[in-house]
>>> print(open('model01.pdb').read())   # PDB, C-alpha atoms
ATOM      1  CA  MET N  11     -18.882  67.593 195.408
ATOM      2  CA  ARG N  12     -20.032  69.992 192.711
ATOM      3  CA  ARG N  13     -18.747  72.974 194.684
ATOM      4  CA  LEU N  14     -15.366  71.256 195.153
ATOM      5  CA  ILE N  15     -15.057  70.747 191.399
ATOM      6  CA  GLU N  16     -16.049  74.348 190.780
ATOM      7  CA  PHE N  17     -13.424  75.481 193.354
ATOM      8  CA  ILE N  18     -10.668  73.457 191.663
ATOM      9  CA  ILE N  19     -11.623  74.778 188.200
ATOM     10  CA  ALA N  20     -11.730  78.347 189.480
ATOM     11  CA  HIS N  21      -8.264  78.051 190.982
ATOM     12  CA  SER N  22      -6.773  75.622 188.507
ATOM     13  CA  SER N  23      -3.965  77.993 187.573
ATOM     14  CA  ILE N  24      -2.734  78.056 191.168
ATOM     15  CA  PHE N  25      -2.810  74.264 191.488
ATOM     16  CA  VAL N  26      -0.980  73.864 188.155
ATOM     17  CA  PHE N  27       1.654  76.363 189.365
ATOM     18  CA  VAL N  28       2.174  74.493 192.635
ATOM     19  CA  ILE N  29       2.460  71.169 190.797
ATOM     20  CA  TYR N  30       5.058  72.586 188.378
ATOM     21  CA  ILE N  31       7.053  74.102 191.250
ATOM     22  CA  THR N  32       7.016  70.792 193.120
ATOM     23  CA  ILE N  33       8.117  68.817 190.048
ATOM     24  CA  SER N  34      10.880  71.364 189.384
ATOM     25  CA  ILE N  35      12.209  71.109 192.950
ATOM     26  CA  ILE N  36      12.177  67.301 192.804
ATOM     27  CA  LEU N  37      14.024  67.285 189.472
ATOM     28  CA  LEU N  38      16.503  69.867 190.750
ATOM     29  CA  LEU N  39      17.350  67.916 193.869
ATOM     30  CA  CYS N  40      17.398  64.477 192.254
ATOM     31  CA  PHE N  41      19.646  65.286 189.270
ATOM     32  CA  ASN N  42      21.889  68.040 190.657
ATOM     33  CA  PRO N  43      24.317  66.842 193.367
ATOM     34  CA  TYR N  44      25.370  70.345 194.374
ATOM     35  CA  GLN N  45      21.831  71.540 195.054
ATOM     36  CA  GLN N  46      21.106  68.199 196.680
ATOM     37  CA  SER N  47      23.992  68.622 199.137
ATOM     38  CA  ILE N  48      22.898  72.176 199.933
ATOM     39  CA  TYR N  49      19.372  70.936 200.615
ATOM     40  CA  PHE N  50      20.426  68.147 202.959
ATOM     41  CA  THR N  51      22.896  70.404 204.761
ATOM     42  CA  SER N  52      20.205  72.997 205.341
ATOM     43  CA  ALA N  53      17.691  70.331 206.338
ATOM     44  CA  ASN N  54      20.111  68.809 208.824
ATOM     45  CA  SER N  55      20.860  72.223 210.281
ATOM     46  CA  ILE N  56      17.186  72.976 210.713
ATOM     47  CA  ALA N  57      16.536  69.516 212.161
ATOM     48  CA  GLY N  58      19.496  69.908 214.516
ATOM     49  CA  ARG N  59      18.200  73.242 215.787
ATOM     50  CA  TYR N  60      14.768  71.713 216.234
ATOM     51  CA  TYR N  61      16.040  68.730 218.195
ATOM     52  CA  SER N  62      18.311  70.975 220.250
ATOM     53  CA  MET N  63      15.371  73.180 221.150
ATOM     54  CA  VAL N  64      13.257  70.135 222.030
ATOM     55  CA  ASN N  65      16.117  68.708 224.101
ATOM     56  CA  ASN N  66      16.519  71.978 226.004
ATOM     57  CA  ILE N  67      12.816  72.050 226.776
ATOM     58  CA  THR N  68      12.644  68.396 227.870
ATOM     59  CA  GLY N  69      15.974  68.782 229.703
ATOM     60  CA  TYR N  70      14.576  71.677 231.705
ATOM     61  CA  VAL N  71      11.502  69.626 232.577
ATOM     62  CA  GLY N  72      13.798  66.714 233.521
ATOM     63  CA  LEU N  73      15.876  68.985 235.751
ATOM     64  CA  ARG N  74      12.791  69.931 237.668
ATOM     65  CA  GLN N  75      12.020  66.250 238.195
ATOM     66  CA  ILE N  76      15.620  65.510 239.242
ATOM     67  CA  ASN N  77      15.529  68.476 241.612
ATOM     68  CA  ASP N  78      12.304  67.198 243.153
ATOM     69  CA  GLU N  79      13.878  63.752 243.629
ATOM     70  CA  LEU N  80      16.996  65.263 245.207
ATOM     71  CA  GLN N  81      14.880  67.331 247.587
ATOM     72  CA  TYR N  82      12.884  64.230 248.522
ATOM     73  CA  ASN N  83      16.018  62.116 249.101
ATOM     74  CA  ASN N  84      17.555  64.941 251.119
ATOM     75  CA  ALA N  85      14.459  65.105 253.285
ATOM     76  CA  VAL N  86      14.551  61.320 253.798
ATOM     77  CA  LEU N  87      18.224  61.456 254.810
ATOM     78  CA  GLN N  88      17.543  64.296 257.233
ATOM     79  CA  VAL N  89      14.726  62.313 258.841
ATOM     80  CA  GLU N  90      16.900  59.181 259.079
ATOM     81  CA  ASN N  91      19.755  61.209 260.520
ATOM     82  CA  ALA N  92      17.445  62.722 263.113
ATOM     83  CA  GLN N  93      16.096  59.265 263.981
ATOM     84  CA  LEU N  94      19.602  57.856 264.408
ATOM     85  CA  ARG N  95      20.599  60.763 266.646
ATOM     86  CA  ASN N  96      17.446  60.271 268.663
ATOM     87  CA  GLU N  97      18.055  56.524 268.992
ATOM     88  CA  LEU N  98      21.649  57.126 270.067
ATOM     89  CA  GLN N  99      20.536  59.653 272.663
ATOM     90  CA  GLN N 100      17.878  57.240 273.935
ATOM     91  CA  ILE N 101      20.389  54.417 274.280
ATOM     92  CA  LYS N 102      22.861  56.698 276.011
ATOM     93  CA  ALA N 103      20.114  57.853 278.358
ATOM     94  CA  SER N 104      18.916  54.305 279.026
ATOM     95  CA  LEU N 105      22.464  53.152 279.695
ATOM     96  CA  GLN N 106      22.896  55.955 282.187
ATOM     97  CA  GLU N 107      19.550  55.182 283.797
ATOM     98  CA  GLU N 108      20.359  51.476 284.155
ATOM     99  CA  GLU N 109      21.853  51.287 287.626
ATOM    100  CA  ASN N 110      23.545  47.991 286.843
ATOM    101  CA  LEU N 111      25.303  49.391 283.819
ATOM    102  CA  GLN N 112      26.387  52.780 285.105
ATOM    103  CA  GLY N 113      29.686  51.961 286.784
ATOM    104  CA  GLY N 114      32.420  53.826 284.945
ATOM    105  CA  LEU N 115      30.516  53.883 281.633
ATOM    106  CA  THR N 116      30.063  57.455 280.457
ATOM    107  CA  PRO N 117      28.687  58.939 277.213
ATOM    108  CA  GLN N 118      32.304  59.413 276.123
ATOM    109  CA  HIS N 119      32.724  55.626 276.094
ATOM    110  CA  ILE N 120      29.751  55.063 273.788
ATOM    111  CA  TYR N 121      31.064  55.055 270.231
ATOM    112  CA  GLY N 122      27.756  54.281 268.525
ATOM    113  CA  THR N 123      24.937  51.786 268.192
ATOM    114  CA  ALA N 124      24.364  48.715 266.047
ATOM    115  CA  GLN N 125      21.861  45.979 265.443
ATOM    116  CA  VAL N 126      22.570  42.280 265.889
ATOM    117  CA  VAL N 127      21.919  40.548 262.550
ATOM    118  CA  ASN N 128      23.067  37.054 263.528
ATOM    119  CA  ALA N 129      23.810  35.230 266.770
ATOM    120  CA  THR N 130      24.731  31.737 267.946
ATOM    121  CA  THR N 131      24.219  30.272 271.406
ATOM    122  CA  SER N 132      24.451  26.487 270.977
ATOM    123  CA  ASN N 133      27.959  26.171 269.532
ATOM    124  CA  THR N 134      31.165  25.512 271.427
ATOM    125  CA  HIS N 135      32.464  28.919 270.343
ATOM    126  CA  ASN N 136      29.682  31.469 269.902
ATOM    127  CA  TYR N 137      29.674  34.784 268.087
ATOM    128  CA  ILE N 138      27.263  37.512 267.046
ATOM    129  CA  THR N 139      27.345  39.698 263.936
ATOM    130  CA  ILE N 140      26.455  43.404 264.034
ATOM    131  CA  ASN N 141      25.608  45.680 261.095
ATOM    132  CA  ARG N 142      28.456  48.128 261.620
ATOM    133  CA  GLY N 143      31.975  47.763 260.220
ATOM    134  CA  ALA N 144      35.180  49.487 259.230
ATOM    135  CA  LYS N 145      33.281  52.097 257.201
ATOM    136  CA  ASP N 146      31.608  53.127 260.466
ATOM    137  CA  GLY N 147      34.914  53.323 262.329
ATOM    138  CA  ILE N 148      34.528  49.991 264.140
ATOM    139  CA  LYS N 149      37.823  48.403 265.172
ATOM    140  CA  GLU N 150      38.891  45.108 266.702
ATOM    141  CA  GLY N 151      38.909  45.217 270.495
ATOM    142  CA  MET N 152      35.921  47.515 270.942
ATOM    143  CA  GLY N 153      33.441  46.446 273.597
ATOM    144  CA  ILE N 154      29.775  45.577 273.039
ATOM    145  CA  VAL N 155      27.085  46.050 275.692
ATOM    146  CA  ASN N 156      23.304  46.328 275.841
ATOM    147  CA  ARG N 157      20.783  47.527 278.395
ATOM    148  CA  SER N 158      21.224  44.365 280.459
ATOM    149  CA  GLY N 159      24.990  44.268 280.627
ATOM    150  CA  LEU N 160      28.131  43.077 278.925
ATOM    151  CA  VAL N 161      27.792  41.266 275.567
ATOM    152  CA  GLY N 162      31.290  40.742 274.135
ATOM    153  CA  ILE N 163      34.283  42.147 272.265
ATOM    154  CA  VAL N 164      34.732  42.852 268.536
ATOM    155  CA  SER N 165      37.084  40.205 267.138
ATOM    156  CA  SER N 166      37.111  40.924 263.395
ATOM    157  CA  VAL N 167      35.765  43.628 261.087
ATOM    158  CA  SER N 168      34.742  43.902 257.435
ATOM    159  CA  ASP N 169      33.616  47.033 255.615
ATOM    160  CA  ASN N 170      29.989  46.825 256.743
ATOM    161  CA  TYR N 171      29.881  44.201 259.501
ATOM    162  CA  ALA N 172      31.739  43.179 262.629
ATOM    163  CA  LEU N 173      32.067  39.786 264.317
ATOM    164  CA  VAL N 174      31.762  39.870 268.109
ATOM    165  CA  ILE N 175      33.085  37.159 270.400
ATOM    166  CA  THR N 176      30.623  36.842 273.280
ATOM    167  CA  ILE N 177      30.861  35.587 276.840
ATOM    168  CA  LEU N 178      29.500  32.295 275.470
ATOM    169  CA  ASN N 179      32.931  31.489 274.081
ATOM    170  CA  PRO N 180      35.759  29.851 276.085
ATOM    171  CA  LYS N 181      38.297  32.017 274.226
ATOM    172  CA  LEU N 182      36.996  35.103 276.012
ATOM    173  CA  ARG N 183      37.977  35.736 279.626
ATOM    174  CA  ILE N 184      36.605  38.806 281.347
ATOM    175  CA  SER N 185      38.205  40.401 284.387
ATOM    176  CA  CYS N 186      35.359  40.965 286.845
ATOM    177  CA  LYS N 187      34.711  41.417 290.541
ATOM    178  CA  LEU N 188      32.134  41.145 293.278
ATOM    179  CA  LYS N 189      30.429  44.522 293.347
ATOM    180  CA  GLU N 190      29.987  44.509 297.125
ATOM    181  CA  SER N 191      33.474  43.487 298.230
ATOM    182  CA  GLY N 192      35.607  44.436 295.228
ATOM    183  CA  TYR N 193      37.443  41.081 295.089
ATOM    184  CA  PHE N 194      38.095  40.059 291.505
ATOM    185  CA  GLY N 195      38.562  36.970 289.377
ATOM    186  CA  SER N 196      38.188  35.799 285.763
ATOM    187  CA  LEU N 197      34.859  35.043 284.127
ATOM    188  CA  VAL N 198      34.865  32.210 281.581
ATOM    189  CA  TRP N 199      32.145  30.155 279.916
ATOM    190  CA  ASP N 200      32.160  26.439 280.678
ATOM    191  CA  GLY N 201      30.190  25.540 277.536
ATOM    192  CA  LEU N 202      27.209  24.099 279.421
ATOM    193  CA  SER N 203      24.438  26.696 279.370
ATOM    194  CA  PRO N 204      24.070  30.034 277.553
ATOM    195  CA  GLU N 205      22.565  31.450 280.744
ATOM    196  CA  TYR N 206      25.507  30.833 283.063
ATOM    197  CA  ALA N 207      29.272  31.323 283.275
ATOM    198  CA  ARG N 208      31.948  30.710 285.922
ATOM    199  CA  LEU N 209      33.927  33.213 287.968
ATOM    200  CA  GLU N 210      37.222  31.554 288.776
ATOM    201  CA  GLU N 211      40.214  32.317 290.996
ATOM    202  CA  LEU N 212      38.205  33.988 293.771
ATOM    203  CA  PRO N 213      40.149  33.719 297.090
ATOM    204  CA  ARG N 214      38.608  31.478 299.755
ATOM    205  CA  HIS N 215      38.609  34.151 302.438
ATOM    206  CA  VAL N 216      36.231  36.372 300.442
ATOM    207  CA  GLU N 217      32.747  36.710 301.880
ATOM    208  CA  PHE N 218      29.774  36.844 299.491
ATOM    209  CA  ASN N 219      26.111  35.931 299.271
ATOM    210  CA  ILE N 220      23.925  34.260 296.680
ATOM    211  CA  GLY N 221      22.493  37.010 294.511
ATOM    212  CA  ASP N 222      25.511  39.350 294.799
ATOM    213  CA  SER N 223      26.266  41.292 291.633
ATOM    214  CA  ILE N 224      29.247  40.568 289.390
ATOM    215  CA  VAL N 225      30.559  43.567 287.451
ATOM    216  CA  THR N 226      33.600  44.398 285.324
ATOM    217  CA  SER N 227      36.705  45.115 287.372
ATOM    218  CA  GLY N 228      38.063  47.942 285.231
ATOM    219  CA  TYR N 229      41.428  46.175 284.840
ATOM    220  CA  SER N 230      40.678  45.479 281.198
ATOM    221  CA  SER N 231      41.449  48.179 278.623
ATOM    222  CA  VAL N 232      38.167  47.360 276.866
ATOM    223  CA  PHE N 233      35.526  47.772 279.561
ATOM    224  CA  PRO N 234      35.403  50.406 282.293
ATOM    225  CA  GLU N 235      34.651  49.393 285.849
ATOM    226  CA  GLY N 236      31.148  48.548 286.974
ATOM    227  CA  ILE N 237      29.384  47.150 283.888
ATOM    228  CA  MET N 238      26.899  44.493 284.924
ATOM    229  CA  ILE N 239      27.738  40.872 284.103
ATOM    230  CA  GLY N 240      25.465  38.805 286.317
ATOM    231  CA  THR N 241      24.666  37.548 289.808
ATOM    232  CA  VAL N 242      26.033  34.746 291.988
ATOM    233  CA  GLN N 243      23.898  31.584 291.822
ATOM    234  CA  GLU N 244      26.082  28.862 293.326
ATOM    235  CA  TYR N 245      29.649  28.311 294.442
ATOM    236  CA  SER N 246      32.066  25.429 294.714
ATOM    237  CA  LYS N 247      35.699  24.791 295.563
ATOM    238  CA  GLU N 248      38.269  24.614 292.827
ATOM    239  CA  LYS N 249      40.925  21.902 292.690
ATOM    240  CA  ASN N 250      43.095  24.307 294.608
ATOM    241  CA  ASP N 251      41.220  24.716 297.894
ATOM    242  CA  ASN N 252      42.462  28.282 298.186
ATOM    243  CA  PHE N 253      39.962  29.498 295.569
ATOM    244  CA  TYR N 254      36.236  29.483 294.916
ATOM    245  CA  ALA N 255      34.482  28.976 291.594
ATOM    246  CA  LEU N 256      31.200  30.867 291.397
ATOM    247  CA  LYS N 257      28.347  29.994 289.089
ATOM    248  CA  VAL N 258      27.157  33.306 287.632
ATOM    249  CA  LYS N 259      23.701  33.904 286.186
ATOM    250  CA  LEU N 260      24.387  36.166 283.185
ATOM    251  CA  SER N 261      22.386  39.385 283.043
ATOM    252  CA  THR N 262      22.437  39.414 279.229
ATOM    253  CA  ASP N 263      19.859  37.262 277.463
ATOM    254  CA  TYR N 264      21.662  36.056 274.332
ATOM    255  CA  PHE N 265      18.401  34.708 272.927
ATOM    256  CA  ARG N 266      16.933  38.225 272.722
ATOM    257  CA  LEU N 267      19.754  40.409 271.498
ATOM    258  CA  GLY N 268      18.588  43.358 269.423
ATOM    259  CA  ASP N 269      20.157  46.778 269.560
ATOM    260  CA  VAL N 270      23.556  47.035 271.193
ATOM    261  CA  ALA N 271      25.946  49.849 272.041
ATOM    262  CA  ILE N 272      29.555  49.944 270.906
ATOM    263  CA  ILE N 273      31.964  51.301 273.488
ATOM    264  CA  ASP N 274      35.545  52.404 273.117
ATOM    265  CA  ASN N 275      37.923  53.351 275.883
ATOM    266  CA  PRO N 276      39.677  56.558 274.720
ATOM    267  CA  GLN N 277      42.861  55.436 276.516
ATOM    268  CA  ARG N 278      42.710  51.811 275.347
ATOM    269  CA  GLU N 279      45.480  52.004 272.744
ATOM    270  CA  GLU N 280      47.765  53.914 275.095
ATOM    271  CA  LYS N 281      47.257  51.364 277.902
ATOM    272  CA  ASP N 282      47.695  48.344 275.611
ATOM    273  CA  SER N 283      50.816  49.842 274.073
ATOM    274  CA  LEU N 284      52.374  50.508 277.471
ATOM    275  CA  GLU N 285      51.562  47.036 278.792
ATOM    276  CA  SER N 286      52.875  45.344 275.641
ATOM    277  CA  ILE N 287      56.205  47.180 276.028
ATOM    278  CA  ASP N 288      56.404  46.087 279.656
ATOM    279  CA  LYS N 289      55.780  42.436 278.693
ATOM    280  CA  LYS N 290      58.543  42.564 276.098
TER
END
>>> encode(input="model01.pdb", output="structure tokens")
Amino acid sequence: MRRLIEFIIAHSSIFVFVIYITISIILLLCFNPYQQSIYFTSANSIAGRYYSMVNNITGYVGLRQINDELQYNNAVLQVENAQLRNELQQIKASLQEEENLQGGLTPQHIYGTAQVVNATTSNTHNYITINRGAKDGIKEGMGIVNRSGLVGIVSSVSDNYALVITILNPKLRISCKLKESGYFGSLVWDGLSPEYARLEELPRHVEFNIGDSIVTSGYSSVFPEGIMIGTVQEYSKEKNDNFYALKVKLSTDYFRLGDVAIIDNPQREEKDSLESIDKK
């Protein structure tokens, strides 16, 4: 403490000078508007340069962080894209390997893949919902299949989802045929069981056996020929004795739908347009 006092006394003239300078500056700025405005203008300029420099430094650091995030997101998208391509290739390969599904279905028919996000089986009119829509190029009338066989037809589309009318809906009639003999009829659901449907209008002279395969006939513009639908379980006579009605065990299990493939006949619009003109 003694040394501090001695230091202040020894340098008292300097301290007095600093105090007088400080008081003079305060009086100058407080009672002289011109000098006051110059001071604040200079102070703001200095502060602005300081904040600008700080902002540039933090902005550069932020850019590095943003760049890292962009690189990470880009890597994630590349991985997801590769996974989707791989899944599509696997489904295409599995569809080709499935003997029951081969028929006329080629990779050119497969438009893409989707996942079933909702399905009904106990209603009078049943539908499924898939997680692909107009943004993905899905259109009404496209066909839906899976590894087991035919699933249904797209009936309506929103931006991100599509509603598919399935075989378990009396509104849908599928042109199909006996794989062995080639005789065809119409497949329709009778509303009784989600495991069975009826093949109607099969001529009485046709020979078949229990267990014979039922496949698409190829007459529809939606599905190519040969896609698996089911197998013959029973048969009965229709009201018109000239035709059989076959009970068909469906190959598709609607209780276990997961991933499905979307198919599109490249000539579908041309065929539909031509047939509509002919009807008119």
>>> resolve_selection(input="model01.pdb", expression="the PyMOL selection byres ((chain N and resi 176) around 6)", output="list in words")
Tyr137, Val161, Gly162, Ile175, Ile177, Leu178 and Asn179 of chain N
>>> write_last_selection(input="model01.pdb", atoms="C-alpha atoms", output="PDB file, in the frame of the given file")
ATOM      1  CA  TYR N 137      29.674  34.784 268.087  1.00  0.00           C
ATOM      2  CA  VAL N 161      27.792  41.266 275.567  1.00  0.00           C
ATOM      3  CA  GLY N 162      31.290  40.742 274.135  1.00  0.00           C
ATOM      4  CA  ILE N 175      33.085  37.159 270.400  1.00  0.00           C
ATOM      5  CA  ILE N 177      30.861  35.587 276.840  1.00  0.00           C
ATOM      6  CA  LEU N 178      29.500  32.295 275.470  1.00  0.00           C
ATOM      7  CA  ASN N 179      32.931  31.489 274.081  1.00  0.00           C
TER       8      ASN N 179
END
>>> atom_distance(input="model01.pdb", atom1="atom CA of Ser230 of chain N", atom2="atom CA of Gly192 of chain N")
15.0 Å
>>> atom_distance(input="model01.pdb", atom1="atom CA of Tyr264 of chain N", atom2="atom CA of Thr131 of chain N")
7.0 Å
>>> atom_distance(input="model01.pdb", atom1="atom CA of Asn141 of chain N", atom2="atom CA of Tyr82 of chain N")
25.8 Å
>>> closest_residue(input="model01.pdb", among="N:Met238, N:Ser261, N:Asp146, N:Thr123", to="Arg95 of chain N", atoms="all atoms listed in the file")
N:Thr123
>>> resolve_selection(input="model01.pdb", expression="the PyMOL selection byres ((chain N and resi 154) around 6)", output="list in words")
Gly153, Val155, Val161, Gly162, Ile163, Ala271 and Ile272 of chain N
>>> write_last_selection(input="model01.pdb", atoms="C-alpha atoms", output="JSON list (two decimals), in the coordinates of the input")
[["chain", "number", "residue", "atom", "x", "y", "z"],
["N", 153, "GLY", "CA", 33.44, 46.45, 273.60],
["N", 155, "VAL", "CA", 27.08, 46.05, 275.69],
["N", 161, "VAL", "CA", 27.79, 41.27, 275.57],
["N", 162, "GLY", "CA", 31.29, 40.74, 274.14],
["N", 163, "ILE", "CA", 34.28, 42.15, 272.26],
["N", 271, "ALA", "CA", 25.95, 49.85, 272.04],
["N", 272, "ILE", "CA", 29.56, 49.94, 270.91]]
>>> residues_around(input="model01.pdb", residues="segment 217-223 of chain N", least_positions_apart="5", cutoff="7 Å", atoms="only C-alpha atoms", output="NGL selection string")
:N and (188-189 or 240-244)
>>> closest_residue(input="model01.pdb", among="N:Gln100, N:Asn170, N:Thr134, N:Ala129", to="Gly147 of chain N", atoms="only C-alpha atoms")
N:Asn170
>>> axis_aligned_box(input="model01.pdb", around="segment 146-161 of chain N", padding_each_side="5 Å", output="JSON")
{"center_x": 29.8, "center_y": 47.3, "center_z": 270.5, "size_x": 28.1, "size_y": 22.1, "size_z": 30.2}
>>> residues_around(input="model01.pdb", residues="Arg142 of chain N", least_positions_apart="5", cutoff="9 Å", atoms="only C-alpha atoms", output="ChimeraX atom specification")
/N:123-125,147-148,167-172
>>> closest_residue(input="model01.pdb", among="N:Val28, N:Glu79, N:Ile239, N:Asp274", to="Val164 of chain N", atoms="all atoms listed in the file")
N:Asp274
